[in-house]
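Dumped protein.tsv below, it's TSV, C-alpha atoms (C1' of nucleotides):
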chain	number	residue	atom	x	y	z
I	1	MET	CA	-11.60	-13.33	-39.71
I	2	SER	CA	-10.83	-9.71	-40.42
I	3	ASP	CA	-7.26	-9.54	-39.37
I	4	ALA	CA	-4.20	-7.40	-39.18
I	5	PRO	CA	-0.73	-7.82	-40.69
I	6	GLY	CA	0.87	-11.05	-39.65
I	7	GLY	CA	-1.60	-13.43	-41.19
I	8	GLU	CA	-3.32	-13.97	-37.84
I	9	SER	CA	-5.79	-11.89	-35.83
I	10	LEU	CA	-3.91	-9.37	-33.70
I	11	LEU	CA	-7.00	-7.65	-32.43
I	12	PHE	CA	-6.00	-8.63	-28.92
I	13	LEU	CA	-2.97	-6.37	-29.22
I	14	THR	CA	-4.82	-3.11	-29.81
I	15	ASP	CA	-4.19	-0.35	-27.29
I	16	GLU	CA	-7.79	-0.60	-26.19
I	17	GLN	CA	-7.45	-4.30	-25.50
I	18	LEU	CA	-4.23	-3.72	-23.61
I	19	ARG	CA	-5.81	-0.98	-21.54
I	20	GLN	CA	-8.67	-3.28	-20.65
I	21	GLY	CA	-6.20	-5.93	-19.61
I	22	ILE	CA	-4.43	-3.43	-17.39
I	23	GLU	CA	-7.64	-2.42	-15.70
I	24	ALA	CA	-8.75	-6.03	-15.33
I	25	MET	CA	-5.47	-6.77	-13.62
I	26	PHE	CA	-5.97	-3.86	-11.25
I	27	PHE	CA	-9.50	-4.78	-10.25
I	28	ALA	CA	-8.82	-8.49	-10.06
I	29	TYR	CA	-5.89	-7.97	-7.73
I	30	ARG	CA	-8.19	-6.10	-5.40
I	31	GLY	CA	-10.53	-9.07	-5.33
I	32	PHE	CA	-7.60	-11.40	-4.96
I	33	THR	CA	-6.41	-9.79	-1.72
I	34	ALA	CA	-9.80	-8.80	-0.34
I	35	ASP	CA	-10.58	-11.94	1.69
I	36	PRO	CA	-7.25	-12.33	3.50
I	37	ASP	CA	-7.20	-8.58	4.12
I	38	ARG	CA	-10.58	-8.83	5.80
I	39	ILE	CA	-9.42	-11.68	8.03
I	40	LEU	CA	-6.21	-9.90	8.98
I	41	ALA	CA	-7.89	-6.57	9.67
I	42	GLY	CA	-9.17	-7.85	13.00
I	43	MET	CA	-5.73	-8.93	14.19
I	44	ALA	CA	-2.67	-6.72	14.39
I	45	TYR	CA	-1.45	-8.09	11.07
I	46	GLY	CA	-1.47	-6.96	7.46
I	47	ARG	CA	-0.72	-8.13	3.98
I	48	ALA	CA	3.00	-8.26	4.72
I	49	HIS	CA	2.43	-10.87	7.42
I	50	HIS	CA	0.27	-12.89	5.09
I	51	ARG	CA	2.97	-13.00	2.43
I	52	ALA	CA	5.63	-14.06	4.92
I	53	ILE	CA	3.40	-16.81	6.31
I	54	HIS	CA	2.49	-18.00	2.84
I	55	PHE	CA	6.05	-18.47	1.67
I	56	ILE	CA	7.32	-19.96	4.92
I	57	ASN	CA	4.54	-22.51	4.62
I	58	ARG	CA	5.45	-23.09	1.03
I	59	ALA	CA	9.14	-23.62	1.67
I	60	PRO	CA	9.60	-24.63	5.31
I	61	GLY	CA	13.11	-24.11	6.60
I	62	THR	CA	13.82	-21.29	4.17
I	63	THR	CA	16.31	-18.70	5.31
I	64	VAL	CA	15.66	-15.04	5.93
I	65	ASN	CA	17.69	-14.13	2.89
I	66	ASN	CA	15.75	-16.48	0.63
I	67	LEU	CA	12.53	-15.06	1.89
I	68	LEU	CA	13.36	-11.43	1.37
I	69	VAL	CA	14.49	-12.06	-2.18
I	70	LEU	CA	11.26	-13.89	-2.87
I	71	LEU	CA	9.15	-11.15	-1.33
I	72	GLY	CA	11.17	-8.36	-2.90
I	73	VAL	CA	11.58	-6.31	0.25
I	74	THR	CA	14.52	-5.19	2.35
I	75	LYS	CA	15.62	-7.16	5.36
I	76	GLN	CA	14.67	-4.30	7.66
I	77	SER	CA	11.17	-4.39	6.33
I	78	LEU	CA	10.89	-8.16	6.57
I	79	ASN	CA	12.49	-8.17	9.99
I	80	ARG	CA	9.76	-6.06	11.52
I	81	VAL	CA	7.14	-8.48	10.29
I	82	LEU	CA	9.10	-11.59	11.22
I	83	ARG	CA	9.80	-10.32	14.71
I	84	THR	CA	6.14	-9.92	15.55
I	85	LEU	CA	5.35	-13.33	14.09
I	86	VAL	CA	8.05	-15.00	16.18
I	87	GLU	CA	7.01	-13.09	19.31
I	88	ASP	CA	3.41	-14.15	18.81
I	89	GLY	CA	4.45	-17.77	18.40
I	90	LEU	CA	3.39	-18.22	14.78
I	91	VAL	CA	6.86	-18.65	13.34
I	92	GLU	CA	9.90	-20.44	14.70
I	93	SER	CA	13.41	-19.36	13.81
I	94	LYS	CA	16.09	-22.05	14.14
I	95	VAL	CA	19.82	-21.51	13.88
I	96	GLY	CA	21.26	-23.30	10.86
I	97	LYS	CA	23.01	-26.61	11.40
I	98	ALA	CA	25.55	-26.44	8.61
I	99	ASP	CA	25.88	-22.68	8.64
I	100	LYS	CA	25.15	-21.20	12.02
I	101	ARG	CA	24.77	-17.69	10.61
I	102	GLU	CA	21.57	-18.67	8.90
I	103	ARG	CA	18.15	-18.77	10.50
I	104	HIS	CA	15.69	-21.31	9.16
I	105	LEU	CA	12.04	-20.41	9.38
I	106	TYR	CA	9.14	-22.71	10.19
I	107	LEU	CA	5.49	-22.20	11.00
I	108	THR	CA	4.35	-23.37	14.43
I	109	GLU	CA	0.99	-25.11	14.82
I	110	ALA	CA	-0.64	-21.74	15.45
I	111	GLY	CA	1.11	-20.37	12.37
I	112	GLU	CA	-0.14	-23.25	10.27
I	113	ALA	CA	-3.64	-22.67	11.56
I	114	LEU	CA	-3.59	-19.04	10.48
I	115	GLU	CA	-2.03	-19.98	7.17
I	116	ARG	CA	-4.86	-22.42	6.53
I	117	LYS	CA	-7.47	-19.85	7.44
I	118	LEU	CA	-5.99	-17.28	5.08
I	119	SER	CA	-5.26	-19.56	2.17
I	120	ASP	CA	-8.62	-21.32	2.46
I	121	ALA	CA	-10.29	-17.98	1.86
I	122	GLN	CA	-8.01	-17.09	-0.99
I	123	ARG	CA	-8.23	-20.49	-2.60
I	124	ALA	CA	-12.00	-20.45	-2.36
I	125	ARG	CA	-12.11	-17.32	-4.47
I	126	MET	CA	-9.54	-18.68	-6.88
I	127	ARG	CA	-11.45	-21.92	-7.17
I	128	SER	CA	-14.70	-20.19	-7.97
I	129	ALA	CA	-12.99	-18.01	-10.56
I	130	TYR	CA	-11.33	-21.05	-12.11
I	131	ARG	CA	-14.55	-23.00	-12.13
I	132	ALA	CA	-16.44	-20.13	-13.70
I	133	ALA	CA	-13.86	-19.70	-16.45
I	134	GLY	CA	-13.06	-23.34	-17.21
I	135	PRO	CA	-9.82	-25.28	-17.70
I	136	GLN	CA	-8.82	-23.78	-21.02
I	137	ALA	CA	-9.21	-20.22	-19.72
I	138	VAL	CA	-7.16	-21.15	-16.68
I	139	ALA	CA	-4.33	-22.39	-18.86
I	140	GLY	CA	-4.37	-19.09	-20.74
I	141	PHE	CA	-4.51	-17.13	-17.52
I	142	ARG	CA	-1.38	-18.85	-16.27
I	143	GLN	CA	0.45	-18.35	-19.54
I	144	VAL	CA	-0.18	-14.62	-19.61
I	145	LEU	CA	0.75	-14.17	-15.96
I	146	GLU	CA	4.03	-15.97	-16.46
I	147	ALA	CA	4.84	-13.85	-19.46
I	148	MET	CA	4.15	-10.76	-17.40
I	149	MET	CA	6.78	-11.54	-14.76
I	150	ASP	CA	10.29	-10.20	-14.80
I	151	GLY	CA	12.81	-12.80	-15.84
I	152	ASP	CA	14.30	-13.04	-12.41
I	153	LEU	CA	10.98	-13.45	-10.68
I	154	ARG	CA	9.82	-15.94	-13.25
I	155	ARG	CA	12.74	-18.18	-12.43
I	156	LYS	CA	11.94	-17.96	-8.72
I	157	TYR	CA	8.29	-18.64	-9.36
I	158	GLN	CA	9.04	-21.67	-11.52
I	159	ALA	CA	11.48	-23.11	-8.99
I	160	LEU	CA	8.83	-22.78	-6.31
I	161	ARG	CA	6.18	-24.23	-8.54
I	162	ASP	CA	8.23	-27.21	-9.62
I	163	SER	CA	9.23	-28.00	-6.03
I	164	GLY	CA	5.58	-28.39	-5.07
I	165	THR	CA	4.88	-31.57	-7.07
U	166	MET	CA	-8.85	-38.40	-19.53
U	167	SER	CA	-8.50	-39.46	-15.93
U	168	ASP	CA	-11.02	-37.24	-14.36
U	169	ALA	CA	-12.85	-36.39	-11.18
U	170	PRO	CA	-16.56	-36.35	-10.34
U	171	GLY	CA	-18.51	-34.18	-12.73
U	172	GLY	CA	-17.69	-36.04	-15.92
U	173	GLU	CA	-15.07	-33.48	-16.89
U	174	SER	CA	-11.43	-33.03	-15.93
U	175	LEU	CA	-11.19	-30.96	-12.76
U	176	LEU	CA	-7.46	-31.31	-12.37
U	177	PHE	CA	-7.13	-27.57	-12.68
U	178	LEU	CA	-9.04	-27.19	-9.41
U	179	THR	CA	-6.61	-29.08	-7.17
U	180	ASP	CA	-5.23	-27.18	-4.22
U	181	GLU	CA	-1.79	-27.33	-5.78
U	182	GLN	CA	-3.06	-25.75	-8.98
U	183	LEU	CA	-4.85	-23.07	-7.02
U	184	ARG	CA	-1.77	-22.33	-4.96
U	185	GLN	CA	0.27	-21.95	-8.13
U	186	GLY	CA	-2.33	-19.57	-9.47
U	187	ILE	CA	-2.12	-17.50	-6.29
U	188	GLU	CA	1.63	-17.26	-6.52
U	189	ALA	CA	1.52	-16.48	-10.22
U	190	MET	CA	-0.85	-13.63	-9.45
U	191	PHE	CA	1.50	-12.30	-6.79
U	192	PHE	CA	4.61	-12.38	-8.96
U	193	ALA	CA	2.86	-11.14	-12.07
U	194	TYR	CA	1.45	-8.14	-10.25
U	195	ARG	CA	4.97	-7.22	-9.25
U	196	GLY	CA	6.00	-7.25	-12.90
U	197	PHE	CA	2.85	-5.43	-13.85
U	198	THR	CA	3.65	-2.43	-11.66
U	199	ALA	CA	7.43	-2.50	-11.99
U	200	ASP	CA	7.83	-0.21	-15.00
U	201	PRO	CA	5.56	2.63	-13.89
U	202	ASP	CA	7.03	2.38	-10.39
U	203	ARG	CA	10.49	2.86	-11.81
U	204	ILE	CA	9.42	5.92	-13.77
U	205	LEU	CA	7.64	7.44	-10.79
U	206	ALA	CA	10.46	6.75	-8.35
U	207	GLY	CA	12.43	9.66	-9.75
U	208	MET	CA	9.59	12.13	-9.28
U	209	ALA	CA	7.82	12.76	-6.00
U	210	TYR	CA	5.01	10.45	-7.06
U	211	GLY	CA	3.97	6.88	-6.38
U	212	ARG	CA	1.55	4.23	-7.46
U	213	ALA	CA	-1.39	6.15	-6.07
U	214	HIS	CA	-0.66	9.05	-8.39
U	215	HIS	CA	-0.42	6.70	-11.33
U	216	ARG	CA	-3.82	5.21	-10.58
U	217	ALA	CA	-5.46	8.61	-10.23
U	218	ILE	CA	-3.93	9.79	-13.50
U	219	HIS	CA	-4.94	6.62	-15.26
U	220	PHE	CA	-8.60	6.84	-14.36
U	221	ILE	CA	-8.89	10.58	-14.89
U	222	ASN	CA	-7.53	10.02	-18.37
U	223	ARG	CA	-9.94	7.18	-18.83
U	224	ALA	CA	-13.00	9.16	-17.75
U	225	PRO	CA	-12.28	12.88	-18.11
U	226	GLY	CA	-14.59	15.08	-16.06
U	227	THR	CA	-15.18	12.40	-13.47
U	228	THR	CA	-15.90	13.60	-9.94
U	229	VAL	CA	-13.80	12.99	-6.87
U	230	ASN	CA	-16.48	10.69	-5.52
U	231	ASN	CA	-16.57	8.58	-8.67
U	232	LEU	CA	-12.85	8.28	-8.60
U	233	LEU	CA	-12.54	7.20	-5.01
U	234	VAL	CA	-15.13	4.49	-5.44
U	235	LEU	CA	-13.24	3.22	-8.47
U	236	LEU	CA	-9.92	3.29	-6.68
U	237	GLY	CA	-11.30	1.84	-3.47
U	238	VAL	CA	-9.71	4.37	-1.12
U	239	THR	CA	-11.08	6.99	1.24
U	240	LYS	CA	-11.66	10.46	-0.05
U	241	GLN	CA	-9.05	11.80	2.35
U	242	SER	CA	-6.45	9.50	0.89
U	243	LEU	CA	-7.33	10.40	-2.64
U	244	ASN	CA	-7.40	14.06	-1.77
U	245	ARG	CA	-3.76	14.20	-0.77
U	246	VAL	CA	-2.74	12.68	-4.07
U	247	LEU	CA	-5.07	14.90	-6.03
U	248	ARG	CA	-3.85	18.03	-4.28
U	249	THR	CA	-0.25	17.46	-5.28
U	250	LEU	CA	-1.30	16.69	-8.84
U	251	VAL	CA	-3.30	19.90	-9.04
U	252	GLU	CA	-0.52	21.93	-7.44
U	253	ASP	CA	1.97	20.53	-9.92
U	254	GLY	CA	-0.31	21.39	-12.82
U	255	LEU	CA	-1.01	17.85	-13.99
U	256	VAL	CA	-4.69	17.81	-13.09
U	257	GLU	CA	-7.33	20.46	-13.28
U	258	SER	CA	-10.24	20.51	-10.85
U	259	LYS	CA	-13.33	22.37	-12.00
U	260	VAL	CA	-16.30	23.19	-9.79
U	261	GLY	CA	-19.43	21.43	-11.03
U	262	LYS	CA	-21.90	23.41	-13.07
U	263	ALA	CA	-25.08	21.68	-11.99
U	264	ASP	CA	-23.88	20.76	-8.52
U	265	LYS	CA	-21.30	23.12	-7.09
U	266	ARG	CA	-20.28	20.61	-4.44
U	267	GLU	CA	-18.73	18.41	-7.07
U	268	ARG	CA	-15.28	18.82	-8.58
U	269	HIS	CA	-14.74	17.56	-12.10
U	270	LEU	CA	-11.27	16.33	-12.87
U	271	TYR	CA	-9.28	16.69	-16.09
U	272	LEU	CA	-5.70	16.09	-17.10
U	273	THR	CA	-3.73	19.09	-18.30
U	274	GLU	CA	-1.32	18.75	-21.20
U	275	ALA	CA	1.47	17.96	-18.76
U	276	GLY	CA	-0.78	15.41	-17.10
U	277	GLU	CA	-1.52	13.77	-20.40
U	278	ALA	CA	2.16	13.64	-21.19
U	279	LEU	CA	2.92	11.80	-17.97
U	280	GLU	CA	-0.04	9.52	-18.49
U	281	ARG	CA	1.28	8.56	-21.88
U	282	LYS	CA	4.75	7.91	-20.53
U	283	LEU	CA	3.43	5.64	-17.78
U	284	SER	CA	0.90	3.77	-19.83
U	285	ASP	CA	3.27	3.32	-22.73
U	286	ALA	CA	5.60	1.46	-20.42
U	287	GLN	CA	2.83	-0.61	-18.91
U	288	ARG	CA	1.24	-1.38	-22.24
U	289	ALA	CA	4.57	-2.44	-23.69
U	290	ARG	CA	4.89	-5.11	-21.03
U	291	MET	CA	1.29	-6.15	-21.46
U	292	ARG	CA	1.72	-6.32	-25.19
U	293	SER	CA	4.77	-8.52	-24.96
U	294	ALA	CA	3.01	-10.82	-22.50
U	295	TYR	CA	-0.03	-11.00	-24.76
U	296	ARG	CA	2.09	-11.65	-27.80
U	297	ALA	CA	4.03	-14.39	-26.06
U	298	ALA	CA	0.87	-16.12	-24.86
U	299	GLY	CA	-1.33	-15.73	-27.93
U	300	PRO	CA	-4.94	-14.68	-28.48
U	301	GLN	CA	-6.60	-17.71	-26.97
U	302	ALA	CA	-4.58	-17.45	-23.77
U	303	VAL	CA	-5.45	-13.76	-23.57
U	304	ALA	CA	-9.14	-14.53	-23.75
U	305	GLY	CA	-8.75	-17.01	-20.91
U	306	PHE	CA	-6.70	-14.56	-18.91
U	307	ARG	CA	-9.44	-11.99	-19.16
U	308	GLN	CA	-12.14	-14.47	-18.23
U	309	VAL	CA	-10.39	-15.59	-15.07
U	310	LEU	CA	-9.58	-12.04	-14.00
U	311	GLU	CA	-13.19	-10.98	-14.39
U	312	ALA	CA	-14.36	-13.95	-12.37
U	313	MET	CA	-11.93	-13.00	-9.63
U	314	MET	CA	-13.37	-9.52	-9.11
U	315	ASP	CA	-15.93	-8.70	-6.46
U	316	GLY	CA	-19.38	-8.27	-7.93
U	317	ASP	CA	-19.40	-4.57	-7.28
U	318	LEU	CA	-16.04	-3.95	-8.85
U	319	ARG	CA	-16.86	-6.15	-11.78
U	320	ARG	CA	-19.80	-3.95	-12.62
U	321	LYS	CA	-17.60	-0.87	-12.44
U	322	TYR	CA	-14.95	-2.49	-14.54
U	323	GLN	CA	-17.43	-3.53	-17.18
U	324	ALA	CA	-19.01	-0.10	-17.33
U	325	LEU	CA	-15.58	1.41	-17.85
U	326	ARG	CA	-14.66	-1.19	-20.42
U	327	ASP	CA	-17.84	-0.81	-22.41
U	328	SER	CA	-17.57	2.99	-22.44
U	329	GLY	CA	-14.20	2.74	-24.15
U	330	THR	CA	-15.59	1.19	-27.32
P	331	DC	C1'	-38.96	29.88	3.03
P	332	DT	C1'	-36.44	28.09	6.32
P	333	DT	C1'	-34.03	24.68	8.44
P	334	DG	C1'	-31.95	20.35	9.20
P	335	DG	C1'	-29.96	16.47	7.20
P	336	DA	C1'	-27.23	14.39	3.45
P	337	DA	C1'	-23.62	14.69	0.12
P	338	DT	C1'	-19.11	16.47	-1.41
P	339	DG	C1'	-14.83	17.81	-0.61
P	340	DT	C1'	-10.81	19.64	2.58
P	341	DC	C1'	-7.61	19.82	6.58
P	342	DA	C1'	-5.02	17.53	10.36
P	343	DA	C1'	-3.11	13.80	12.76
P	344	DC	C1'	-1.77	9.17	12.88
P	345	DA	C1'	-0.38	4.12	11.52
P	346	DA	C1'	1.41	0.51	8.47
P	347	DG	C1'	4.78	-0.78	5.66
P	348	DA	C1'	8.01	0.20	2.50
P	349	DC	C1'	12.82	2.52	1.94
P	350	DT	C1'	17.98	4.06	2.89
P	351	DG	C1'	22.04	4.30	5.66
P	352	DA	C1'	25.01	3.09	9.39
P	353	DC	C1'	26.36	-0.25	12.58
P	354	DT	C1'	26.96	-4.82	15.39
P	355	DT	C1'	27.55	-9.65	15.98
P	356	DA	C1'	28.67	-14.07	14.67
P	357	DA	C1'	30.27	-17.37	11.57
P	358	DA	C1'	32.55	-18.79	7.43
P	359	DC	C1'	35.89	-18.47	3.97
P	360	DT	C1'	40.68	-17.56	2.05
B	361	DA	C1'	44.41	-12.65	10.39
B	362	DG	C1'	41.58	-10.31	7.53
B	363	DT	C1'	37.54	-10.25	4.55
B	364	DT	C1'	33.09	-11.51	3.37
B	365	DT	C1'	28.47	-13.06	4.39
B	366	DA	C1'	23.99	-13.63	7.17
B	367	DA	C1'	21.28	-11.74	10.23
B	368	DG	C1'	19.64	-8.32	13.20
B	369	DT	C1'	19.12	-3.46	14.99
B	370	DC	C1'	18.50	1.62	15.29
B	371	DA	C1'	17.18	5.85	13.31
B	372	DG	C1'	14.97	8.54	9.96
B	373	DT	C1'	12.11	9.24	5.75
B	374	DC	C1'	8.35	8.51	2.31
B	375	DT	C1'	4.04	6.87	0.41
B	376	DT	C1'	-0.36	5.69	1.19
B	377	DG	C1'	-3.70	4.17	3.74
B	378	DT	C1'	-6.79	5.27	7.99
B	379	DT	C1'	-10.22	8.39	11.41
B	380	DG	C1'	-12.05	12.47	13.02
B	381	DA	C1'	-13.46	17.17	12.57
B	382	DC	C1'	-15.10	20.67	9.61
B	383	DA	C1'	-16.91	23.70	5.60
B	384	DT	C1'	-19.80	24.11	1.78
B	385	DT	C1'	-23.63	23.06	-0.97
B	386	DC	C1'	-27.88	20.86	-2.09
B	387	DC	C1'	-32.45	19.30	-1.23
B	388	DA	C1'	-36.61	18.16	0.91
B	389	DA	C1'	-39.96	18.31	4.84
B	390	DG	C1'	-42.19	21.11	7.71
Using the file provided, produce a representation of the structure as structure tokens.
Amino acid sequence: MSDAPGGESLLFLTDEQLRQGIEAMFFAYRGFTADPDRILAGMAYGRAHHRAIHFINRAPGTTVNNLLVLLGVTKQSLNRVLRTLVEDGLVESKVGKADKRERHLYLTEAGEALERKLSDAQRARMRSAYRAAGPQAVAGFRQVLEAMMDGDLRRKYQALRDSGT
Amino acid sequence: MSDAPGGESLLFLTDEQLRQGIEAMFFAYRGFTADPDRILAGMAYGRAHHRAIHFINRAPGTTVNNLLVLLGVTKQSLNRVLRTLVEDGLVESKVGKADKRERHLYLTEAGEALERKLSDAQRARMRSAYRAAGPQAVAGFRQVLEAMMDGDLRRKYQALRDSGT
DNA sequence: CTTGGAATGTCAACAAGACTGACTTAAACT
DNA sequence: AGTTTAAGTCAGTCTTGTTGACATTCCAAG
């Protein structure tokens, strides 16, 4: 192996390699969101609704505050989305038992149905990418993604991940 | 190895694993764009300007049409961004020699300076993620990302990649 | 050679979804 | 009682996407 200082090949750290990684990330994210976007285009919903539905499904009973921190948006922005989802009967908002200021969010049956439709499409693409790349590549993929997160987000991601088995 | 049908471990294809991958992608993309976003927030520019600048730098002399296919937006959307960049002296738009309908796009010195500033920040994060994960993980990361792209985009990505050495 | 269609790019108007800032209501804490 | 916290609302702005209409240029078929 023709390698750089460090005793180990650092070819993967050249600017060209990094640039390719950046572009791969850009194009892959487009693919990643393409299927749900297509499904939502017909309805009056967008990517913001998808994200809200995803995380409510993931952590049923979560509060508005939790959700907006997770999504990284302001409450005004989230509220617009949440309002339409509640009005359309996809999300239920229940006053907190212990703390009545809080609202706990749940998907209704209709909400779960849409969630399934969206995540089935997204998982199908993910599954085919995973299958094409193989288990070892998937492990690497996950490692790099985690290292790319901001510390704060990483903690939130890991908490979510560990809660789901 | 306790494995599923196929003779090989398919644990990495469980719905839970796929869901974690989806969330990792979501959070990582936030980190991925965070630094350039911060830099651009001060100026009157946004992510769209960054993308235009990135790809013009990547393929100097590209036409508007090329660029909008790469970016996946309408020409009207791209045009607004491009107009401000030209007005502000970051991008130069030259009428095509062979075909006068076309405009060929180039970064000016000021444009190149901004490009460097943005991509330095983004590359720094990428580099630290790559370094933390190691070469083998990076190879896997790239494999999965490529498999996640739509066929059309993948071809564009690969053409771009291969042109850059 | 002309003319009509196709390709390229521009202008205008609008919508989604993010933001800030100011404010209200209700409940909890001290 | 007074302060803080959670949630929601109203108003206004910005970025970035969309359609629709239009101008210019090229090219090919008649």
Quick one: residues within 10 Å of DC349 of chain P, only C-alpha atoms (C1' of nucleotides) counted, chain neighbours fewer than 2 positions away excluded, as JSON, numbers by chain? {"I": [73, 74, 76, 77], "P": [347], "B": [373, 374, 375]}
Next, the residues of the selection above should be written as a tab-separated table (two decimals), keeping the file's coordinate frame with C-alpha atoms (C1' of nucleotides).
chain	number	residue	atom	x	y	z
I	73	VAL	CA	11.58	-6.31	0.25
I	74	THR	CA	14.52	-5.19	2.35
I	76	GLN	CA	14.67	-4.30	7.66
I	77	SER	CA	11.17	-4.39	6.33
P	347	DG	C1'	4.78	-0.78	5.66
B	373	DT	C1'	12.11	9.24	5.75
B	374	DC	C1'	8.35	8.51	2.31
B	375	DT	C1'	4.04	6.87	0.41
Go ahead and compute the interatomic distance for atom CA of Glu267 of chain U and atom CA of Gly31 of chain I, in Å to one decimal.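 That distance, rounded to one decimal, is 28.7 Å.
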Within 9 Å of chain I, which residues of chain P come that close, and what is the closest atom pair and distance in Å for each? Count only C-alpha atoms (C1' of nucleotides) and give it as CSV.
residue,atom,partner,partner_atom,distance
P:DA346,C1',I:Gly46,CA,8.1
P:DG347,C1',I:Ser77,CA,7.4
P:DA348,C1',I:Ser77,CA,6.8
P:DC349,C1',I:Thr74,CA,7.9
P:DA356,C1',I:Arg101,CA,6.7
P:DA357,C1',I:Arg101,CA,5.6
P:DA358,C1',I:Asp99,CA,7.8
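Distance annotation: of U:Met313, U:Leu318, U:Leu283, U:Met291, the residue with the minimal separation from Ala206 of chain U is U:Leu283; atom set is only C-alpha atoms.
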Quick check: residues of chain I within 6 Å of chain U, all atoms listed in the file, returned as a VMD selection string. chain I and resid 28 31 129 133 137 140 to 141 143 to 145 147 to 150
Could you write out the selected residues, including C-alpha atoms, as a PDB file, in the frame of the given file?
ATOM      1  CA  ALA I  28      -8.820  -8.490 -10.060  1.00  0.00           C
ATOM      2  CA  GLY I  31     -10.530  -9.070  -5.330  1.00  0.00           C
ATOM      3  CA  ALA I 129     -12.990 -18.010 -10.560  1.00  0.00           C
ATOM      4  CA  ALA I 133     -13.860 -19.700 -16.450  1.00  0.00           C
ATOM      5  CA  ALA I 137      -9.210 -20.220 -19.720  1.00  0.00           C
ATOM      6  CA  GLY I 140      -4.370 -19.090 -20.740  1.00  0.00           C
ATOM      7  CA  PHE I 141      -4.510 -17.130 -17.520  1.00  0.00           C
ATOM      8  CA  GLN I 143       0.450 -18.350 -19.540  1.00  0.00           C
ATOM      9  CA  VAL I 144      -0.180 -14.620 -19.610  1.00  0.00           C
ATOM     10  CA  LEU I 145       0.750 -14.170 -15.960  1.00  0.00           C
ATOM     11  CA  ALA I 147       4.840 -13.850 -19.460  1.00  0.00           C
ATOM     12  CA  MET I 148       4.150 -10.760 -17.400  1.00  0.00           C
ATOM     13  CA  MET I 149       6.780 -11.540 -14.760  1.00  0.00           C
ATOM     14  CA  ASP I 150      10.290 -10.200 -14.800  1.00  0.00           C
TER      15      ASP I 150
END
Residue list for chain B near chain U as a PDB file with C-alpha atoms (C1' of nucleotides), keeping the file's coordinate frame, 9 Å, all atoms listed in the file:
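Written out: result09.pdb:
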ATOM      1  C1'  DT B 375       4.040   6.870   0.410  1.00  0.00           C
ATOM      2  C1'  DT B 376      -0.360   5.690   1.190  1.00  0.00           C
ATOM      3  C1'  DG B 377      -3.700   4.170   3.740  1.00  0.00           C
ATOM      4  C1'  DT B 378      -6.790   5.270   7.990  1.00  0.00           C
ATOM      5  C1'  DT B 384     -19.800  24.110   1.780  1.00  0.00           C
ATOM      6  C1'  DT B 385     -23.630  23.060  -0.970  1.00  0.00           C
ATOM      7  C1'  DC B 386     -27.880  20.860  -2.090  1.00  0.00           C
TER       8       DC B 386
END
Could you work out how far atom CA of Asn230 of chain U lies from atom CA of Thr249 of chain U, giving the answer in Å with one decimal?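 Those two atoms sit 17.6 Å apart.
Close contacts of DA389 of chain B, defined as residues with an atom at most 12 Å away when counting only C-alpha atoms (C1' of nucleotides), with chain neighbours fewer than 3 positions off set aside, comprise DC331, DT332, DT333, DG334 and DG335 of chain P.
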Calculate how many Å separate atom C1' of DG362 of chain B from atom C1' of DG351 of chain P, rounding to one decimal. 24.5 Å
Applying 10 Å and all atoms listed in the file, which residues near Lys259 of chain U remain after dropping the ones on its own chain fewer than 5 positions away? List them as a list in words.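 Listing them by chain and then by number gives Gly226, Thr228, Lys265, Glu267, Arg268, His269, Leu270 and Tyr271 of chain U.
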Using only C-alpha atoms, please write the residues we just selected to a file, as a PDB file, in the frame of the given file.
ATOM      1  CA  GLY U 226     -14.590  15.080 -16.060  1.00  0.00           C
ATOM      2  CA  THR U 228     -15.900  13.600  -9.940  1.00  0.00           C
ATOM      3  CA  LYS U 265     -21.300  23.120  -7.090  1.00  0.00           C
ATOM      4  CA  GLU U 267     -18.730  18.410  -7.070  1.00  0.00           C
ATOM      5  CA  ARG U 268     -15.280  18.820  -8.580  1.00  0.00           C
ATOM      6  CA  HIS U 269     -14.740  17.560 -12.100  1.00  0.00           C
ATOM      7  CA  LEU U 270     -11.270  16.330 -12.870  1.00  0.00           C
ATOM      8  CA  TYR U 271      -9.280  16.690 -16.090  1.00  0.00           C
TER       9      TYR U 271
END
Residues at most 7 Å from Leu90 of chain I, counting all atoms listed in the file, excluding those fewer than 3 positions away in the same chain, as JSON, numbers by chain? {"I": [85, 86, 107, 108, 110, 111]}
Write out as AutoDock Vina command-line options an axis-aligned box for segment 235-241 of chain U: all of its atoms listed in the file, 3 Å added on each side, centre and edge lengths in Å with one decimal.
--center_x -11.1 --center_y 6.8 --center_z -3.1 --size_x 10.2 --size_y 16.0 --size_z 16.8
Written-out segment 104-118 of chain I (C-alpha atoms) as a tab-separated table (two decimals), in the first residue's frame:
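Wrote it out as decode_22.tsv, contents follow:
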chain	number	residue	atom	x	y	z
I	104	HIS	CA	-48.98	14.49	24.24
I	105	LEU	CA	-49.11	13.51	20.60
I	106	TYR	CA	-50.36	10.23	19.15
I	107	LEU	CA	-51.14	8.99	15.67
I	108	THR	CA	-54.74	7.99	15.01
I	109	GLU	CA	-55.49	4.91	12.91
I	110	ALA	CA	-55.56	7.09	9.80
I	111	GLY	CA	-52.26	8.62	10.87
I	112	GLU	CA	-50.72	5.21	11.33
I	113	ALA	CA	-51.95	4.19	7.91
I	114	LEU	CA	-50.25	7.14	6.26
I	115	GLU	CA	-47.12	6.57	8.30
I	116	ARG	CA	-46.97	2.99	7.08
I	117	LYS	CA	-47.47	4.05	3.49
I	118	LEU	CA	-44.67	6.59	3.69
